[in-house]
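As stored in work_24.txt (compact mmCIF, C-alpha atoms):
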# COMPACT_ATOMS: atom_id res chain seq x y z
CA MET P 1 23.51 -1.20 -8.74
CA GLY P 2 25.17 0.56 -5.82
CA ALA P 3 21.86 0.46 -3.98
CA GLU P 4 21.38 0.04 -0.26
CA VAL P 5 18.84 -2.41 1.17
CA ILE P 6 16.96 -1.47 4.33
CA LEU P 7 14.69 -3.97 6.05
CA ALA P 8 12.24 -2.49 8.56
CA ASP P 9 11.14 -5.34 10.80
CA GLY P 10 8.22 -5.23 13.23
CA CYS P 11 8.65 -8.74 14.61
CA GLY P 12 12.42 -8.77 15.14
CA GLN P 13 12.81 -12.00 13.18
CA GLY P 14 12.65 -10.75 9.60
CA LEU P 15 16.03 -12.19 8.60
CA THR P 16 17.58 -15.56 9.23
CA GLU P 17 21.11 -16.01 10.56
CA GLU P 18 22.12 -17.31 7.15
CA ALA P 19 20.80 -14.19 5.45
CA THR P 20 22.59 -11.83 7.81
CA SER P 21 25.89 -13.61 7.28
CA SER P 22 25.44 -13.78 3.49
CA TYR P 23 24.35 -10.15 3.14
CA PRO P 24 26.07 -8.15 5.88
CA GLU P 25 25.45 -4.88 4.01
CA VAL P 26 21.69 -5.07 4.62
CA ILE P 27 20.55 -2.46 7.15
CA TRP P 28 18.19 -4.25 9.53
CA LEU P 29 15.93 -1.98 11.59
CA LYS P 30 14.15 -3.88 14.36
CA VAL P 31 11.18 -2.23 16.07
CA PRO P 32 9.11 -5.07 17.57
CA GLY P 33 5.43 -4.22 17.70
CA ALA P 34 5.63 -1.27 15.31
CA SER P 35 3.03 -0.91 12.56
CA VAL P 36 3.94 -1.16 8.88
CA PHE P 37 2.99 2.52 8.58
CA TYR P 38 5.70 3.46 11.07
CA LEU P 39 8.24 0.94 9.78
CA ARG P 40 8.15 2.27 6.22
CA VAL P 41 8.59 5.86 7.37
CA LEU P 42 11.48 4.82 9.60
CA ALA P 43 13.24 3.01 6.75
CA MET P 44 12.70 5.90 4.35
CA SER P 45 14.18 8.31 6.87
CA ARG P 46 17.34 6.18 7.03
CA ALA P 47 17.77 5.93 3.26
CA ARG P 48 20.65 7.90 1.75
CA GLY P 49 19.96 7.49 -1.94
CA GLU P 50 18.34 10.13 -4.11
CA VAL P 51 15.62 7.61 -5.01
CA ILE P 52 13.89 5.53 -2.33
CA ALA P 53 12.07 2.44 -3.61
CA VAL P 54 9.51 0.72 -1.38
CA THR P 55 7.89 -2.70 -1.44
CA GLU P 56 6.48 -5.25 1.03
CA ASP P 57 7.79 -8.52 2.42
CA HIS P 58 5.08 -10.51 0.62
CA CYS P 59 5.95 -9.08 -2.79
CA ARG P 60 8.29 -10.62 -5.34
CA VAL P 61 10.15 -8.12 -7.45
CA LYS P 62 11.29 -8.70 -11.01
CA PRO P 63 15.07 -9.27 -11.41
CA ASP P 64 15.43 -5.87 -13.07
CA TRP P 65 13.30 -4.01 -10.49
CA CYS P 66 16.04 -1.71 -9.17
CA GLU P 67 17.35 -1.01 -12.65
CA ARG P 68 13.91 -0.04 -13.93
CA VAL P 69 13.17 2.16 -10.91
CA ILE P 70 16.38 4.10 -11.50
CA ALA P 71 15.72 4.34 -15.26
CA ALA P 72 12.19 5.65 -14.64
CA HIS P 73 13.41 8.42 -12.36
CA LYS P 74 16.00 9.41 -14.94
CA GLN P 75 13.26 9.59 -17.55
CA TYR P 76 10.98 11.59 -15.24
CA PRO P 77 13.32 13.80 -13.20
CA GLU P 78 10.40 16.01 -12.21
CA ALA P 79 8.47 13.11 -10.65
CA ALA P 80 8.15 13.15 -6.87
CA ALA P 81 6.85 9.57 -6.90
CA ILE P 82 6.69 6.78 -9.47
CA GLY P 83 4.37 3.82 -9.08
CA GLY P 84 4.78 0.60 -11.00
CA ALA P 85 2.48 -2.30 -11.83
CA VAL P 86 1.29 -4.94 -9.37
CA GLU P 87 0.35 -8.46 -10.43
CA ASN P 88 -1.58 -10.88 -8.23
CA GLY P 89 0.67 -13.71 -7.10
CA ALA P 90 -1.94 -15.44 -4.93
CA THR P 91 -4.24 -16.91 -7.57
CA GLU P 92 -5.67 -20.12 -6.13
CA ARG P 93 -8.45 -18.74 -3.92
CA LEU P 94 -11.23 -16.37 -4.88
CA VAL P 95 -10.94 -14.56 -1.55
CA ASP P 96 -7.33 -13.69 -2.44
CA TRP P 97 -8.44 -12.31 -5.80
CA ALA P 98 -11.16 -10.24 -4.10
CA SER P 99 -8.66 -8.84 -1.62
CA PHE P 100 -6.20 -8.06 -4.40
CA PHE P 101 -8.83 -6.23 -6.48
CA ILE P 102 -9.72 -4.00 -3.55
CA VAL P 103 -6.18 -2.98 -2.62
CA ASN P 104 -4.18 -3.30 -5.84
CA GLY P 105 -6.73 -3.59 -8.64
CA PRO P 106 -6.03 -0.12 -10.08
CA SER P 107 -2.31 -1.01 -10.36
CA MET P 108 -2.90 -4.34 -12.08
CA PRO P 109 -1.52 -4.30 -15.65
CA PRO P 110 -2.22 -2.76 -18.02
CA ILE P 111 -1.71 0.67 -16.50
CA ARG P 112 -1.46 3.96 -18.36
CA LYS P 113 2.11 5.20 -18.36
CA GLY P 114 2.96 8.79 -17.58
CA LYS P 115 1.64 11.49 -15.27
CA ARG P 116 -1.28 10.19 -13.21
CA SER P 117 -3.35 11.28 -10.25
CA ARG P 118 -3.37 7.77 -8.78
CA ILE P 119 -0.42 5.39 -8.75
CA ALA P 120 0.61 2.16 -7.04
CA LEU P 121 1.15 2.35 -3.31
CA GLN P 122 3.47 0.56 -0.90
CA ALA P 123 3.71 -2.65 -2.93
CA ASN P 124 5.60 -0.89 -5.73
CA ILE P 125 6.40 2.79 -5.37
CA SER P 126 9.51 4.96 -5.29
CA TYR P 127 10.08 8.53 -4.13
CA LYS P 128 12.64 11.24 -4.63
CA ARG P 129 14.39 11.71 -1.32
CA ARG P 130 13.95 15.48 -1.60
CA ILE P 131 10.22 15.20 -0.87
CA VAL P 132 10.47 12.79 2.08
CA PRO P 133 9.81 14.73 5.31
CA PRO P 134 12.66 14.43 7.84
CA ARG P 135 10.25 14.16 10.76
CA ILE P 136 8.89 10.70 11.59
CA PRO P 137 5.22 10.94 12.61
CA LYS P 138 4.41 9.07 15.82
CA HIS P 139 1.97 6.73 14.08
CA GLY P 140 3.74 6.63 10.73
CA ARG P 141 2.23 7.52 7.39
CA MET P 142 -0.18 6.06 4.84
CA GLU P 143 1.20 6.22 1.31
CA TRP P 144 -2.07 7.17 -0.36
CA MET P 145 -2.50 10.10 2.02
CA PHE P 146 1.12 11.12 1.46
CA ASN P 147 0.58 10.97 -2.30
CA GLN P 148 -2.52 13.13 -1.99
CA ALA P 149 -0.49 15.70 -0.06
CA LEU P 150 2.21 15.67 -2.74
CA ARG P 151 -0.38 16.35 -5.44
CA ALA P 152 -1.85 19.19 -3.38
CA GLN P 153 1.63 20.69 -3.22
CA GLY P 154 1.87 20.59 -7.02
CA GLU P 155 4.25 17.63 -7.21
CA THR P 156 4.14 15.19 -10.13
CA LEU P 157 3.12 11.54 -9.77
CA VAL P 158 4.02 9.11 -12.55
CA ALA P 159 2.98 5.55 -13.40
CA ASP P 160 5.43 3.24 -15.18
CA ASP P 161 4.31 -0.24 -16.27
CA ARG P 162 7.89 -1.46 -16.73
CA ILE P 163 8.38 -1.68 -12.95
CA VAL P 164 6.59 -4.85 -11.88
CA VAL P 165 6.10 -6.76 -8.64
CA SER P 166 3.98 -9.80 -7.81
CA HIS P 167 1.81 -9.42 -4.69
CA VAL P 168 1.67 -12.80 -2.91
CA GLN P 169 -0.59 -12.67 0.13
CA SER P 170 -3.01 -15.41 1.19
CA LEU P 171 -4.37 -15.11 4.72
CA GLY P 172 -7.31 -17.48 4.55
CA PHE P 173 -10.97 -16.46 4.76
CA ARG P 174 -10.96 -15.31 8.37
CA GLY P 175 -7.57 -13.60 8.13
CA THR P 176 -8.60 -11.73 4.98
CA CYS P 177 -11.80 -10.47 6.58
CA ARG P 178 -9.82 -9.37 9.62
CA ILE P 179 -7.16 -7.48 7.68
CA HIS P 180 -9.79 -5.53 5.75
CA PHE P 181 -11.54 -4.64 9.01
CA ASP P 182 -8.19 -3.52 10.44
CA ASP P 183 -7.34 -1.58 7.28
CA GLY P 184 -10.65 0.27 7.40
CA ARG P 185 -10.18 1.08 11.08
CA SER P 186 -6.57 2.17 10.52
CA ILE P 187 -7.57 4.53 7.71
CA ALA P 188 -10.26 6.06 9.91
CA GLY P 189 -7.72 6.46 12.70
CA PHE P 190 -5.37 8.38 10.43
CA ARG P 191 -8.30 10.47 9.20
CA LEU P 192 -9.16 11.45 12.76
CA GLN P 193 -5.91 13.39 12.95
CA GLN P 194 -7.10 15.71 10.15
CA ILE P 195 -10.85 16.22 10.58
CA THR P 196 -13.20 18.20 12.81
CA ALA P 197 -15.77 16.74 15.19
CA LEU P 198 -18.52 17.61 12.71
CA GLU P 199 -16.81 15.80 9.87
CA ARG P 200 -16.21 12.86 12.18
CA GLY P 201 -19.96 12.58 12.75
CA ILE P 202 -20.67 12.82 9.03
CA ARG P 203 -18.15 10.09 8.26
CA LEU P 204 -19.63 7.85 10.95
CA GLY P 205 -22.98 8.08 9.18
CA ALA P 206 -21.37 7.58 5.78
CA CYS P 207 -20.01 4.20 6.89
CA PHE P 208 -23.51 2.75 6.44
CA VAL P 209 -23.52 3.53 2.71
CA MET P 210 -19.83 2.92 2.18
CA PRO P 211 -19.89 -0.70 0.83
CA PRO P 212 -21.74 -0.04 -2.46
CA LEU P 213 -19.66 3.07 -3.11
CA LEU P 214 -16.44 1.17 -2.47
CA LEU P 215 -17.67 -1.66 -4.70
CA LEU P 216 -18.09 0.75 -7.61
CA ARG P 217 -14.71 2.31 -6.89
CA THR P 218 -13.14 -1.15 -6.95
CA LEU P 219 -14.91 -2.53 -10.00
CA ILE P 220 -14.61 0.38 -12.43
CA PRO P 221 -10.80 0.43 -12.80
CA VAL P 222 -10.56 -3.37 -12.71
CA LEU P 223 -13.22 -3.93 -15.38
CA GLN P 224 -11.61 -1.33 -17.62
CA LYS P 225 -8.52 -3.52 -17.85
CA ARG P 226 -10.54 -6.32 -19.51
CA ARG P 227 -8.52 -8.99 -17.75
CA VAL P 228 -9.49 -11.89 -15.50
CA LEU P 229 -13.14 -10.91 -15.91
CA GLY P 230 -14.24 -14.37 -14.82
CA ARG P 231 -12.37 -13.92 -11.54
CA VAL P 232 -13.92 -10.50 -11.05
CA LEU P 233 -17.47 -11.79 -11.50
CA ALA P 234 -16.91 -14.93 -9.43
CA SER P 235 -15.47 -12.90 -6.57
CA LEU P 236 -18.33 -10.38 -6.38
CA PRO P 237 -19.93 -11.89 -3.23
CA LEU P 238 -16.55 -11.91 -1.51
CA LEU P 239 -15.84 -8.38 -2.68
CA ALA P 240 -19.10 -7.26 -1.09
CA LEU P 241 -18.26 -9.05 2.17
CA LEU P 242 -14.74 -7.66 2.42
CA LEU P 243 -15.96 -4.15 1.71
CA CYS P 244 -18.51 -4.54 4.49
CA CYS P 245 -15.60 -5.53 6.74
CA ARG P 246 -13.77 -2.36 5.72
CA ALA P 247 -16.84 -0.20 6.35
CA THR P 248 -17.33 -1.80 9.78
CA GLY P 249 -13.70 -1.16 10.60
CA ALA P 250 -14.05 2.44 9.48
CA PHE P 251 -17.11 2.88 11.72
CA PHE P 252 -15.24 1.67 14.79
CA GLY P 253 -12.23 3.76 13.78
CA PHE P 254 -14.22 6.98 13.59
CA LEU P 255 -16.10 6.05 16.76
CA ALA P 256 -13.24 4.95 19.00
CA GLY P 257 -9.98 5.45 17.13
CA PRO P 258 -7.64 2.95 15.45
CA GLY P 259 -7.09 0.71 18.47
CA ASN P 260 -4.51 -1.99 17.69
CA SER P 261 -5.55 -2.30 14.05
CA PRO P 262 -2.45 -0.57 12.58
CA GLN P 263 -0.20 -3.10 14.35
CA ARG P 264 -2.18 -6.00 12.89
CA ILE P 265 -1.84 -4.90 9.26
CA ARG P 266 0.62 -7.09 7.35
Transcribe the structure of this file into structure tokens.
Amino acid sequence: MGAEVILADGCGQGLTEEATSSYPEVIWLKVPGASVFYLRVLAMSRARGEVIAVTEDHCRVKPDWCERVIAAHKQYPEAAAIGGAVENGATERLVDWASFFIVNGPSMPPIRKGKRSRIALQANISYKRRIVPPRIPKHGRMEWMFNQALRAQGETLVADDRIVVSHVQSLGFRGTCRIHFDDGRSIAGFRLQQITALERGIRLGACFVMPPLLLLRTLIPVLQKRRVLGRVLASLPLLALLLCCRATGAFFGFLAGPGNSPQRIR
């Protein structure tokens, strides 16, 4: 494909010796202790191609992933970002389904192809290099906030269901609760950089009513797909619990900042 592969590694052990010898062309960026939000920005800043495709280490891409990403950007030359579809690859535990619905439910197939206001995030997204800021923010960047900024600037976001990855992440019950707490706190920490003291107080109060609102926001797009409905219903108690974890994390984030939560996100 003539593509370059950049691995941004926050633990310093992301590749084995065998992999480095077999694939010497891979660009391996080691920043031990860095958050995924910083690592992705760092890798994107190093990319030289006109299209920068992003995924995560716990995702499995289809064999034609690169080919379809390139084809999609040729079809939509005006698109600043193109998000694909995300399937759940961790299907044995209900807690993994609940976690998947919260984070990637809107991107679960089927998705409506074409110009959209909301597209897949870091699991399966690609950007035109022209819109990637050259400056690397100190704390990195959240893709959904970046996408919102692109829309505000009048840029086009596109969804394409031909670009598919499988999201395989199973952290156990405790680990899943923890990552949703950390995600909620990380989001609040990023928000703090953009809001006034008054809005901070309002958002602190809103954390107490956040779980039911987030539950509706999670369920509506997932139920509209008319898939795995049994899994959706069976996971409702876990959905409620994980969303409470996110709301609690958000409360502490708005109260005291992100802490070490961004570094604990996987």
* Counting all atoms listed in the file, the residue of P:Val158, P:Ala206, P:Leu121, P:Ala247 that sits nearest Ala81 of chain P -> P:Val158
* To do: For segment 28-38 of chain P, list every protein, DNA or RNA residue within 7 Å, evaluated using all atoms listed in the file, and leave out those in the same chain fewer than 4 positions away; present the list as a VMD selection string.
  => chain P and resid 6 to 12 42 139 to 142 262 to 263 265 to 266
Writing out the chosen residues with C-alpha atoms as a compact mmCIF listing (two decimals), in the frame of the given file:
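To be explicit, this is the file written out as part20.txt:
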# COMPACT_ATOMS: atom_id res chain seq x y z
CA ILE P 6 16.96 -1.47 4.33
CA LEU P 7 14.69 -3.97 6.05
CA ALA P 8 12.24 -2.49 8.56
CA ASP P 9 11.14 -5.34 10.80
CA GLY P 10 8.22 -5.23 13.23
CA CYS P 11 8.65 -8.74 14.61
CA GLY P 12 12.42 -8.77 15.14
CA LEU P 42 11.48 4.82 9.60
CA HIS P 139 1.97 6.73 14.08
CA GLY P 140 3.74 6.63 10.73
CA ARG P 141 2.23 7.52 7.39
CA MET P 142 -0.18 6.06 4.84
CA PRO P 262 -2.45 -0.57 12.58
CA GLN P 263 -0.20 -3.10 14.35
CA ILE P 265 -1.84 -4.90 9.26
CA ARG P 266 0.62 -7.09 7.35
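One distance worth recording is that between atom CA of Arg200 of chain P and atom CA of Phe254 of chain P, which is 6.4 Å.
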Under the rule of at most 10 Å, produce a per-residue listing of segment 154-241 of chain P near segment 87-90 of chain P: chain, number, name, the closest pair of atoms, and the distance in Å, as a Markdown table, using only C-alpha atoms.
| residue | atom | partner | partner_atom | distance |
| --- | --- | --- | --- | --- |
| P:Val164 | CA | P:Glu87 | CA | 7.4 |
| P:Val165 | CA | P:Glu87 | CA | 6.3 |
| P:Ser166 | CA | P:Glu87 | CA | 4.7 |
| P:His167 | CA | P:Gly89 | CA | 5.1 |
| P:Val168 | CA | P:Gly89 | CA | 4.4 |
| P:Gln169 | CA | P:Ala90 | CA | 5.9 |
| P:Ser170 | CA | P:Ala90 | CA | 6.2 |
| P:Leu171 | CA | P:Ala90 | CA | 10.0 |
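Distance-wise, atom CA of Arg231 of chain P and atom CA of Ile119 of chain P end up 22.9 Å apart.
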* Can you tell me how far atom CA of Ile202 of chain P sits from atom CA of Ile187 of chain P, in Å to one decimal? -> 15.6 Å
* Taking (-9.6, -2.2, 10.7) in the file's own coordinates, collect the residues within 8 Å, counting all atoms listed in the file, and hand them back as a PyMOL selection string. => chain P and resi 178-187+245-246+248-250+252-253+258+261-262
